[in-house]
Every structure is written in C-alpha cells, then in structure tokens.
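Data block for upload32.cif (mmCIF, C-alpha atoms):
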```
data_run
loop_
_atom_site.label_atom_id
_atom_site.label_comp_id
_atom_site.auth_asym_id
_atom_site.auth_seq_id
_atom_site.Cartn_x
_atom_site.Cartn_y
_atom_site.Cartn_z
CA MET A 1 -76.56 73.88 206.06
CA LYS A 2 -78.39 70.61 205.70
CA ASP A 3 -80.47 69.25 208.54
CA TRP A 4 -79.35 66.06 210.33
CA ILE A 5 -82.87 65.07 211.39
CA GLY A 6 -83.47 61.47 210.43
CA LYS A 7 -79.80 60.79 209.74
CA LYS A 8 -77.59 58.46 211.77
CA VAL A 9 -73.85 58.93 212.14
CA GLN A 10 -71.66 56.71 214.32
CA VAL A 11 -69.37 59.24 215.97
CA ALA A 12 -67.78 60.26 219.21
CA VAL A 13 -67.81 64.00 219.88
CA SER A 14 -65.29 65.64 222.24
CA SER A 15 -66.81 69.08 222.82
CA PRO A 16 -69.05 70.64 225.49
CA THR A 17 -72.16 69.74 223.51
CA GLY A 18 -70.94 66.21 222.86
CA ILE A 19 -69.95 65.62 226.48
CA TRP A 20 -73.34 66.85 227.71
CA LEU A 21 -75.12 64.64 225.18
CA ARG A 22 -73.16 61.53 226.18
CA ASN A 23 -73.90 62.14 229.84
CA TRP A 24 -77.60 62.77 229.14
CA MET A 25 -77.82 59.54 227.13
CA GLY A 26 -76.09 57.60 229.91
CA LEU A 27 -73.14 56.63 227.72
CA ARG A 28 -69.92 55.89 229.58
CA GLY A 29 -66.53 54.26 228.98
CA ALA A 30 -65.83 52.52 225.72
CA SER A 31 -69.40 52.78 224.45
CA ARG A 32 -69.00 56.49 223.77
CA SER A 33 -66.71 55.68 220.85
CA ASN A 34 -69.38 53.91 218.83
CA HIS A 35 -72.90 55.15 219.28
CA GLU A 36 -75.50 56.93 217.16
CA ILE A 37 -76.28 60.65 217.32
CA HIS A 38 -79.44 62.07 215.78
CA GLY A 39 -80.21 65.57 214.60
CA ILE A 40 -76.99 67.25 215.69
CA SER A 41 -74.90 69.42 213.38
CA VAL A 42 -71.15 69.73 213.91
CA PRO A 43 -70.35 73.15 212.47
CA ALA A 44 -66.85 74.24 211.49
CA ASP A 45 -65.00 75.98 208.68
CA VAL A 46 -61.95 73.72 208.69
CA VAL A 47 -61.72 69.95 209.04
CA VAL A 48 -58.41 68.45 210.14
CA TYR A 49 -58.57 64.84 209.02
CA PHE A 50 -56.50 62.17 210.78
CA SER A 51 -57.03 58.55 209.83
CA ASP A 52 -54.06 56.93 211.59
CA VAL A 53 -53.63 55.09 214.87
CA ALA A 54 -52.68 56.55 218.25
CA ALA A 55 -48.99 55.68 217.77
CA LYS A 56 -48.84 58.29 215.00
CA ALA A 57 -50.74 60.96 216.91
CA TYR A 58 -47.51 62.94 217.31
CA GLN A 59 -47.88 63.90 213.65
CA LEU A 60 -51.02 65.85 214.48
CA GLU A 61 -50.02 66.90 217.98
CA GLN A 62 -47.31 69.30 216.80
CA TRP A 63 -49.95 71.18 214.77
CA LEU A 64 -52.40 71.63 217.65
CA PRO A 65 -51.17 75.05 218.87
CA VAL A 66 -51.25 76.38 215.29
CA LEU A 67 -54.75 75.00 214.75
CA GLU A 68 -55.87 76.56 218.03
CA ARG A 69 -54.63 79.89 216.70
CA LEU A 70 -56.49 79.29 213.41
CA ASN A 71 -59.60 78.44 215.42
CA ARG A 72 -59.85 82.06 216.54
CA ASP A 73 -60.68 83.08 212.97
CA HIS A 74 -62.13 79.88 211.51
CA LYS A 75 -63.79 77.12 213.53
CA VAL A 76 -61.65 73.96 213.43
CA LEU A 77 -62.91 70.39 213.84
CA LEU A 78 -60.56 67.41 214.25
CA VAL A 79 -61.94 64.32 212.51
CA PHE A 80 -60.54 60.93 213.53
CA ARG A 81 -61.02 57.50 211.97
CA LYS A 82 -59.40 55.62 214.89
CA VAL A 83 -60.87 56.27 218.32
CA GLY A 84 -57.53 55.55 219.99
CA ALA A 85 -55.98 58.58 218.30
CA LEU A 86 -58.82 60.79 219.52
CA ARG A 87 -58.35 59.54 223.07
CA GLU A 88 -54.61 60.12 222.82
CA LEU A 89 -55.08 63.81 222.00
CA ARG A 90 -58.34 64.88 223.63
CA ARG A 91 -56.66 66.16 226.81
CA ARG A 92 -54.05 68.11 224.87
CA THR A 93 -56.26 70.59 223.07
CA SER A 94 -59.48 72.55 223.41
CA LEU A 95 -60.40 71.92 219.77
CA SER A 96 -63.57 69.97 219.03
CA MET A 97 -63.09 66.36 217.99
CA ILE A 98 -65.25 63.75 216.30
CA PHE A 99 -64.76 60.07 215.48
CA ALA A 100 -66.25 58.70 212.27
CA ARG A 101 -65.71 54.96 212.04
CA ARG A 102 -67.17 54.07 208.66
CA PHE A 103 -66.82 55.73 205.26
CA ASP A 104 -70.58 56.27 205.16
CA ASP A 105 -70.39 58.04 208.53
CA LEU A 106 -67.67 60.32 207.22
CA MET A 107 -69.62 61.26 204.11
CA GLU A 108 -72.79 61.87 206.14
CA LEU A 109 -70.79 64.20 208.38
CA PHE A 110 -69.24 66.12 205.49
CA ASP A 111 -72.46 66.32 203.48
CA ALA A 112 -74.47 67.61 206.44
CA ASN A 113 -72.14 70.54 207.15
CA ASP A 114 -70.58 73.47 205.36
CA TYR A 115 -66.92 72.59 205.73
CA SER A 116 -64.80 74.67 203.37
CA LEU A 117 -61.29 73.32 203.82
CA GLY A 118 -59.66 70.06 204.86
CA ILE A 119 -56.14 69.75 206.30
CA TYR A 120 -54.00 66.59 206.21
CA VAL A 121 -50.81 66.19 208.26
CA ASN A 122 -49.64 62.97 206.60
CA ASN A 123 -50.25 60.73 203.58
CA GLY A 124 -52.29 58.08 205.35
CA VAL A 125 -53.90 55.69 202.90
CA ASN A 126 -57.38 56.52 204.21
CA ASN A 127 -56.89 60.18 203.32
CA PHE A 128 -58.29 59.24 199.95
CA GLN A 129 -61.67 58.51 201.48
CA SER A 130 -61.88 62.12 202.64
CA LEU A 131 -60.53 63.38 199.33
CA THR A 132 -63.59 62.01 197.55
CA PHE A 133 -65.58 64.91 199.01
CA ALA A 134 -65.46 67.62 196.35
CA ARG A 135 -66.85 70.68 198.10
CA MET A 136 -63.82 71.26 200.36
CA VAL A 137 -60.39 72.57 199.45
CA HIS A 138 -58.00 69.75 200.39
CA VAL A 139 -54.66 70.96 201.78
CA HIS A 140 -51.67 68.79 202.65
CA VAL A 141 -49.36 70.29 205.30
CA ASN A 142 -47.25 67.28 206.36
CA HIS A 143 -45.90 67.01 209.92
CA GLY A 144 -42.41 68.40 209.56
CA GLU A 145 -39.74 69.71 207.23
CA SER A 146 -36.90 67.32 206.51
CA ASP A 147 -34.82 65.84 203.73
CA LYS A 148 -36.14 62.32 204.22
CA LEU A 149 -37.29 60.53 201.11
CA SER A 150 -40.78 60.27 202.60
CA MET A 151 -41.19 64.06 202.55
CA VAL A 152 -42.17 63.91 198.87
CA SER A 153 -44.81 61.49 197.65
CA ASN A 154 -46.65 61.18 194.38
CA GLN A 155 -49.77 61.28 196.55
CA VAL A 156 -49.46 65.06 196.86
CA LYS A 157 -50.91 65.30 193.36
CA ALA A 158 -54.29 64.39 194.85
CA TYR A 159 -54.51 67.52 197.02
CA ASP A 160 -55.66 70.95 195.87
CA LYS A 161 -52.80 72.69 197.69
CA VAL A 162 -49.58 71.55 199.37
CA PHE A 163 -48.11 73.81 202.05
CA ILE A 164 -44.30 73.71 202.14
CA ALA A 165 -41.70 75.44 204.27
CA GLY A 166 -39.55 77.17 201.66
CA PRO A 167 -37.26 76.94 198.61
CA ALA A 168 -35.64 73.65 199.67
CA ALA A 169 -39.01 71.90 199.67
CA LEU A 170 -39.79 73.33 196.24
CA GLU A 171 -36.53 71.91 194.89
CA ARG A 172 -37.27 68.59 196.60
CA HIS A 173 -40.61 68.26 194.79
CA ARG A 174 -39.06 69.28 191.47
CA SER A 175 -36.33 66.67 191.73
CA VAL A 176 -38.61 63.77 192.66
CA LEU A 177 -41.97 64.24 190.93
CA LEU A 178 -42.83 64.05 187.25
CA ASP A 179 -45.84 65.78 185.66
CA PHE A 180 -46.49 67.73 188.87
CA ASP A 181 -48.34 71.04 188.89
CA GLU A 182 -46.07 73.32 190.94
CA SER A 183 -48.87 75.85 191.36
CA LYS A 184 -50.19 73.54 194.09
CA LEU A 185 -47.19 74.42 196.27
CA VAL A 186 -47.57 77.28 198.74
CA MET A 187 -44.65 78.42 200.90
CA VAL A 188 -45.79 79.10 204.46
CA GLY A 189 -42.64 78.48 206.50
CA ARG A 190 -42.91 76.42 209.70
CA PRO A 191 -45.78 77.80 211.80
CA GLN A 192 -45.29 75.03 214.40
CA LEU A 193 -42.01 76.71 215.34
CA ASP A 194 -43.48 80.16 215.95
CA LEU A 195 -45.18 79.31 219.19
CA GLY A 196 -43.47 79.36 222.55
CA TYR A 197 -43.51 76.37 224.90
CA PRO A 198 -42.86 76.21 228.63
CA PRO A 199 -39.24 74.99 228.96
CA GLU A 200 -38.93 71.27 229.70
CA LEU A 201 -35.26 71.23 230.67
CA GLU A 202 -34.17 72.36 234.10
CA PRO A 203 -31.63 75.20 233.87
CA SER A 204 -28.05 74.06 234.37
CA ALA A 205 -24.69 75.74 234.82
CA LEU A 206 -23.26 72.98 232.65
CA ARG A 207 -23.21 73.02 228.87
CA THR A 208 -26.09 70.94 227.51
CA VAL A 209 -25.70 68.81 224.38
CA MET A 210 -28.56 66.76 222.92
CA TYR A 211 -28.43 63.57 220.87
CA ALA A 212 -31.74 63.19 219.02
CA PRO A 213 -31.75 60.21 216.64
CA THR A 214 -34.68 59.48 214.37
CA TRP A 215 -36.40 56.08 213.93
CA GLU A 216 -35.59 53.53 211.23
CA GLY A 217 -38.46 54.38 208.86
CA GLU A 218 -40.76 52.04 207.00
CA ASN A 219 -38.02 50.62 204.74
CA GLU A 220 -34.28 50.81 204.20
CA SER A 221 -34.48 53.61 201.61
CA ASN A 222 -36.19 55.79 204.21
CA ASN A 223 -33.91 54.71 207.07
CA TYR A 224 -31.81 57.59 208.43
CA THR A 225 -31.29 56.53 212.03
CA SER A 226 -27.77 56.50 213.47
CA LEU A 227 -28.81 54.47 216.51
CA ASP A 228 -27.85 51.01 215.32
CA VAL A 229 -24.64 52.08 213.59
CA TYR A 230 -23.14 54.93 215.66
CA GLY A 231 -25.54 55.59 218.52
CA ARG A 232 -23.52 54.14 221.38
CA GLN A 233 -20.27 55.71 220.16
CA ILE A 234 -21.92 59.12 219.89
CA VAL A 235 -23.32 58.91 223.41
CA ASP A 236 -20.00 57.68 224.81
CA ALA A 237 -18.30 60.69 223.19
CA LEU A 238 -20.87 63.07 224.65
CA LEU A 239 -20.59 61.55 228.12
CA ALA A 240 -16.81 62.06 227.99
CA LEU A 241 -17.13 65.82 227.35
CA PRO A 242 -16.15 67.86 230.42
CA ASP A 243 -18.68 70.13 232.16
CA THR A 244 -21.46 68.82 229.96
CA ARG A 245 -24.99 67.57 230.57
CA VAL A 246 -26.17 65.08 227.94
CA VAL A 247 -29.80 64.87 226.85
CA TYR A 248 -30.79 61.73 224.95
CA LYS A 249 -34.04 62.44 223.06
CA PRO A 250 -34.89 59.67 220.57
CA HIS A 251 -37.82 59.72 218.17
CA PRO A 252 -41.05 58.67 219.96
CA ARG A 253 -41.15 55.40 217.99
CA VAL A 254 -37.64 54.26 218.92
CA ALA A 255 -38.52 52.80 222.33
CA SER A 256 -41.04 50.42 220.75
CA SER A 257 -39.07 49.74 217.58
CA PRO A 258 -39.51 46.25 216.05
CA ASN A 259 -35.98 46.56 214.67
CA ARG A 260 -33.87 44.50 217.06
CA ASP A 261 -30.63 46.40 216.44
CA VAL A 262 -32.29 49.78 216.98
CA ALA A 263 -34.08 48.60 220.12
CA GLN A 264 -30.88 47.09 221.53
CA ALA A 265 -28.87 50.26 220.84
CA HIS A 266 -31.56 52.29 222.58
CA GLU A 267 -31.47 50.05 225.65
CA GLU A 268 -27.67 50.17 225.80
CA ILE A 269 -27.68 53.96 225.61
CA VAL A 270 -30.27 54.28 228.38
CA GLN A 271 -28.21 51.93 230.54
CA ALA A 272 -24.99 53.83 229.83
CA ILE A 273 -26.62 57.10 230.88
CA GLU A 274 -28.03 55.54 234.03
CA GLU A 275 -24.58 54.27 234.97
CA ALA A 276 -23.01 57.67 234.21
CA ASN A 277 -25.54 59.28 236.55
CA ILE A 278 -24.37 57.30 239.59
CA ASP A 279 -23.12 59.81 242.17
CA ARG A 280 -23.51 62.62 239.62
CA GLN A 281 -24.83 65.93 240.99
CA THR A 282 -26.37 67.14 237.70
CA PRO A 283 -27.76 64.05 235.98
CA HIS A 284 -27.79 63.38 232.28
CA ILE A 285 -31.32 63.09 230.89
CA VAL A 286 -33.23 60.44 228.96
CA SER A 287 -36.46 61.86 227.50
CA GLU A 288 -38.51 59.45 225.40
CA GLN A 289 -41.81 61.38 225.27
CA GLY A 290 -41.06 65.05 226.00
CA ASN A 291 -41.63 67.93 223.57
CA ILE A 292 -38.32 68.42 221.82
CA LEU A 293 -39.22 71.95 220.73
CA ALA A 294 -39.72 72.86 224.39
CA MET A 295 -36.22 71.53 225.13
CA PHE A 296 -34.30 73.34 222.41
CA GLY A 297 -34.05 76.57 224.40
CA GLY A 298 -31.85 74.81 226.96
CA VAL A 299 -29.65 73.02 224.41
CA ASP A 300 -26.24 74.46 223.49
CA GLY A 301 -25.49 71.97 220.70
CA LEU A 302 -27.31 69.19 218.83
CA VAL A 303 -26.25 65.89 217.28
CA THR A 304 -28.99 64.42 215.12
CA ASP A 305 -29.84 62.47 211.96
CA VAL A 306 -31.43 63.56 208.70
CA SER A 307 -34.91 64.47 209.97
CA SER A 308 -37.03 67.47 210.87
CA VAL A 309 -35.25 67.79 214.23
CA GLY A 310 -32.04 69.27 212.84
CA LEU A 311 -33.88 71.71 210.59
CA ASP A 312 -36.17 72.82 213.42
CA PHE A 313 -33.11 73.50 215.58
CA LEU A 314 -31.50 75.36 212.66
CA TYR A 315 -34.61 77.53 212.26
CA LEU A 316 -34.90 78.40 215.95
CA TYR A 317 -31.22 78.60 216.94
CA PRO A 318 -29.01 79.02 213.85
CA GLU A 319 -26.26 80.43 216.06
CA ARG A 320 -25.84 77.13 217.93
CA PRO A 321 -23.69 74.20 216.66
CA LEU A 322 -25.34 71.37 214.75
CA VAL A 323 -23.75 67.99 213.97
CA LEU A 324 -25.38 65.64 211.45
CA THR A 325 -25.00 61.87 210.99
CA ASP A 326 -24.89 59.77 207.83
CA ARG A 327 -25.44 56.04 208.21
CA ARG A 328 -24.50 55.40 204.55
CA THR A 329 -21.10 57.19 204.62
CA ASP A 330 -21.74 58.85 201.27
CA ARG A 331 -20.94 62.54 201.66
CA PRO A 332 -21.70 63.63 198.05
CA CYS A 333 -25.10 61.91 198.19
CA LEU A 334 -25.80 63.33 201.65
CA GLU A 335 -25.02 66.90 200.59
CA ARG A 336 -27.13 66.50 197.47
CA ASP A 337 -30.18 65.10 199.28
CA ALA A 338 -29.75 67.00 202.59
CA PRO A 339 -28.18 70.39 201.82
CA VAL A 340 -27.97 71.20 205.54
CA ALA A 341 -25.01 68.79 205.62
CA ARG A 342 -22.98 71.40 203.72
CA SER A 343 -23.11 73.65 206.79
CA CYS A 344 -22.15 71.31 209.63
CA PRO A 345 -19.78 68.50 210.66
CA VAL A 346 -20.91 64.97 209.79
CA ILE A 347 -20.45 61.76 211.76
CA ASP A 348 -20.30 58.74 209.46
CA GLY A 349 -18.37 55.50 209.15
CA ASP A 350 -15.19 57.40 208.30
CA SER A 351 -15.36 59.86 211.19
CA VAL A 352 -17.21 58.09 214.00
CA ASN A 353 -13.98 57.07 215.73
CA GLU A 354 -13.15 60.78 216.00
CA ALA A 355 -16.63 61.69 217.24
CA TYR A 356 -15.33 63.17 220.51
CA GLY A 357 -12.94 65.57 218.76
CA LEU A 358 -15.43 66.44 216.04
CA ILE A 359 -18.21 67.31 218.52
CA SER A 360 -15.83 69.10 220.87
CA ALA A 361 -14.48 71.27 218.04
CA ALA A 362 -18.00 72.15 216.91
CA LEU A 363 -18.90 73.27 220.42
CA GLU A 364 -15.67 75.13 221.18
CA GLN A 365 -14.81 76.71 217.82
CA ASP A 366 -17.98 76.55 215.65
CA LYS A 367 -16.55 77.49 212.27
CA SER A 368 -19.84 76.81 210.44
CA SER A 369 -22.08 79.61 211.73
CA ALA A 370 -22.06 81.64 208.49
CA GLU A 371 -22.88 78.55 206.42
CA ARG A 372 -25.75 77.65 208.76
CA ALA A 373 -27.28 81.11 208.37
CA GLU A 374 -27.19 80.76 204.59
CA VAL A 375 -28.67 77.27 204.53
CA ARG A 376 -31.43 78.38 206.94
CA ARG A 377 -32.57 80.87 204.27
CA PHE A 378 -32.61 78.06 201.72
CA TYR A 379 -34.93 75.96 203.87
CA PHE A 380 -37.16 78.67 205.35
CA GLY A 381 -36.63 81.89 203.41
CA ASP A 382 -36.11 85.11 205.37
CA LEU A 383 -38.99 84.50 207.75
CA ALA A 384 -38.68 85.66 211.33
CA LYS A 385 -40.35 83.89 214.22
CA GLY A 386 -44.08 84.61 214.01
CA ASP A 387 -44.20 85.23 210.26
CA SER A 388 -45.07 81.64 209.34
CA THR A 389 -48.20 81.55 211.51
CA ASP A 390 -49.46 84.80 209.98
CA ILE A 391 -48.88 83.43 206.47
CA PHE A 392 -50.55 80.12 207.34
CA VAL A 393 -53.67 81.73 208.82
CA SER A 394 -54.05 84.28 206.01
CA THR A 395 -53.53 81.62 203.31
CA VAL A 396 -56.18 79.37 204.85
CA HIS A 397 -58.54 82.35 205.07
CA ASP A 398 -58.00 83.20 201.39
CA LEU A 399 -58.59 79.59 200.31
CA ILE A 400 -61.82 79.40 202.33
CA THR A 401 -63.06 82.70 200.90
CA GLU A 402 -62.25 81.63 197.34
CA ARG A 403 -63.93 78.24 197.74
CA ARG A 404 -67.11 79.75 199.20
CA LYS A 405 -67.37 82.14 196.26
CA LYS A 406 -67.03 79.26 193.81
CA LEU A 407 -69.72 77.24 195.60
CA VAL A 408 -72.32 80.00 195.27
CA ASN A 409 -72.92 79.22 191.59
CA HIS A 410 -71.94 75.56 191.66
CA GLN A 411 -74.61 72.91 192.03
CA PHE A 412 -73.58 69.53 193.50
CA HIS A 413 -76.15 66.92 192.47
CA ALA A 414 -74.90 64.16 194.76
CA SER A 415 -72.76 63.75 197.82
CA ALA A 416 -69.35 62.14 197.45
CA GLY A 417 -70.62 59.08 199.25
CA GLU A 418 -73.49 58.64 196.79
CA ALA A 419 -71.13 59.13 193.85
CA ALA A 420 -68.72 56.54 195.23
CA ASP A 421 -71.51 53.98 195.44
CA GLU A 422 -72.53 54.37 191.81
#
```

Just give me the structure of the file as structure tokens.
Amino acid sequence: MKDWIGKKVQVAVSSPTGIWLRNWMGLRGASRSNHEIHGISVPADVVVYFSDVAAKAYQLEQWLPVLERLNRDHKVLLVFRKVGALRELRRRTSLSMIFARRFDDLMELFDANDYSLGIYVNNGVNNFQSLTFARMVHVHVNHGESDKLSMVSNQVKAYDKVFIAGPAALERHRSVLLDFDESKLVMVGRPQLDLGYPPELEPSALRTVMYAPTWEGENESNNYTSLDVYGRQIVDALLALPDTRVVYKPHPRVASSPNRDVAQAHEEIVQAIEEANIDRQTPHIVSEQGNILAMFGGVDGLVTDVSSVGLDFLYLYPERPLVLTDRRTDRPCLERDAPVARSCPVIDGDSVNEAYGLISAALEQDKSSAERAEVRRFYFGDLAKGDSTDIFVSTVHDLITERRKKLVNHQFHASAGEAADE
C-alpha cells in the first residue's frame, strides 16, 4: 500500500479513527466536511461509491444491511461525493464513510489504497469519475428490481460486472440493449430482502391493506405513478372496505414532488385518511418515511404501481394478494414490459371505477396465487430467503480474489487521475 505522507486529500471520515482525529484537530460542525488530512490511510477491500445528493440516499440505504454483512469478510468503505448524503446516512450504519469533494481527492484516495472492488447502486453521472480508476473491479448493483424503463441503461456497458436479480432482468437487458456483452450479467437474487427488520406496523385484528404508489420519474416515459390519475379513487375504495386498516406508503420523493398534480393528489389522500380516522379506534396509517420492507410482514394485501415495491412483496409474500396499476391503460404493453401484471388484477382507466370490487375480490377469493408463484420464479429464480446474500458475498469474494491475482503481474505506470490529466 502506498504511503500518504506528504499527500493532501480533502475528506470527511466517519469512523473511530476519523472522529478522534477531528476532535484532536479541534474541527467541529460544518468544517469537518472540508478539511485536509495528512498521512492517514483508509484501508478497505470494497469501495461503495455514491455521488448523489441526500435526497437519493434511500438508494444506498437499502443496501446497508447487506454491506454490513459483507464487511465481516471484506472491509467496506462508503465513499461520498456530497457531504449531505454522508450526513444523512452516518447514523444508520457502522460502516466507515469518507467524503471526497474533488476528482483529484478521489483519485488520491483510490491510488493510495489497495481497493479491489467498487460497488455502484445507481447510474449517477459522476460514477464515471470513479470508473476511470482501472485497478478495481467495478460492479453495478442498482437499488431495486423493477420493470421500470430506468432499470436498464446503456451505461451498464461501462461496468465490469452487473449484478441482476434473475431471468426477468436478463430478458430486460436483452430486449433493450444492443451490442451488449451478456457475460457481464451475474444473477444474485435480491440480497436486500434476505435480512429481517423489526416490524414497523403495530399488530391489528383488522385486515391491513397497503397502497404504495411510486413517484413520477424523471420524464414521462419513466412515469409509472398512479397518484395523479387513480390515487384518490384507490384510497377511497380501500377506506370503504369493511374491517380493514389502510396503510398509505408513498415513495419517499412523493411528498416533495415538483409535479403539481402528484403533490395535490398526495395532499388529498393524506387529508382523506385524517378525516377517516376521526373517532376511529384503529387508525389508518400514513407513512412517508418508514421502511416499507419492515411493514410488509403486517400487510395482508398490496396495491402498487410498476416499481420494485410490488416485486419485493411478491418475493417475500407470494401467497398474499397483489394488485397492480397501469396509468396508460394498455394491458398488452403492460404485460409485455411488466410480466408480473400477468399474475394479478390491474387497475387502469377501464377498471378504476370498479376498484372496490376488484380489490375486494382479490382479498377474499385470490384466484391468482398459482400465477404469482410462477412469475416469482421468473423474476428471482428458485432462491429461498437467505440464498441471495450468500451468493452476493461469495461472488464479491471471487471477484476480489481474481482481481488481486491479475494485479500481481500487472504494472500500472500512472494513476487514473494522472492519466485523465494527460
């Protein structure tokens, strides 16, 4: 490992050593996010690179328990390019964190340490700064498994490996990408779903049904939310169900949505639930920031949009009813692009007026259980809970071992930062 003596890196370290150093240097408050550290190595085997702002920290947060498990075998370091994201997550994990503001800082950090593998949970544009560093294996894992258009990007060609959940993701890449090397794809299931969470829903004698709409996406082609088109009607139907507790769990970005129609629908739904709770012994629930995976155990049925939420519920509880929405009212297109729709009722422009009967029938009769079991295999293979984490950890270990062997006889004449400057 190279020595850091004489080198300067503007970083913020969230680890016992880093905390002690900041205190010893008298650094407090905001200044700790932008100061110089001399002569300190930051050892790890795996770098988890996150270049986005705090509002997108949820993309990394869902991976934290899996990374903590990986950390038992291979030291993990979280590398942030925005200090706000680091501050958002530092109290939610024991993993070491570091903030590298400038590209030069990042390259100094990478070049001074023996990092073997880099993990990326999204396709942030600044990922390409990290990708310039050639000594690591660069692995894209994404932050969910869904049929959204954004799940497949031509950017995946830049990574050495792309971890996917199962056969559905393989077909998704085949149908979208041209001139793509499929050997990059590695099926690892959904390790985020293997880990147990303390339940976040109070037990209830009533049946519990959740409505979990997604956000509107970056553009219309990636817009799958039902909020602005059917949201209020869906919630009204749920509130009318007898002996039922309703849980409204929107995507974390819905409450601050710049889309006026989405924001208004959200406000109307919250107000409707508040009014329904007047004099109610077991209140309906609005949860804007809770962990949805920790709520699923207490949910008897789910209404959701095309997103990772429905597939996660399918993986964990395939025996429980699932209802999907389609804002475009195009069933053939929906079933082609989101095969899960073949195994559940769909609320769209043609059926929304019958939402009460459709949801009630799914809960009371559930004629789609066999189809859900089959489509679960298509998305996740035959993995049982726990298998995905084992596959993930062993695959990372194999990639690290292989890369270290290759580096023994490979001479790098310049750091990535120096090469980029030439």

Extending 5 Å beyond the listed atoms of region 162-168 of chain A on each side, what axis-aligned box results? I want centre and edge lengths in Å to one decimal, as JSON.
```
{"center_x": -42.6, "center_y": 74.4, "center_z": 201.4, "size_x": 23.9, "size_y": 15.6, "size_z": 15.7}
```

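Among the candidates A:Arg92, A:Arg260, A:Arg172, A:Arg342, the residue lying nearest to Leu227 (chain A) is A:Arg260 (atoms considered: only C-alpha atoms).
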
From the list A:Pro339, A:Pro203, A:Pro43, A:Gly196, which residue is nearest Gly386 (chain A) when using all atoms listed in the file?
A:Gly196

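In this model, the gap between CA of Asp382 (chain A) and CA of Val176 (chain A) comes to 25.0 Å.
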
Between A:Glu402, A:Ala237, A:Pro258, A:Leu407, which is the closest to Ile359 (chain A) once you count only C-alpha atoms?
A:Ala237
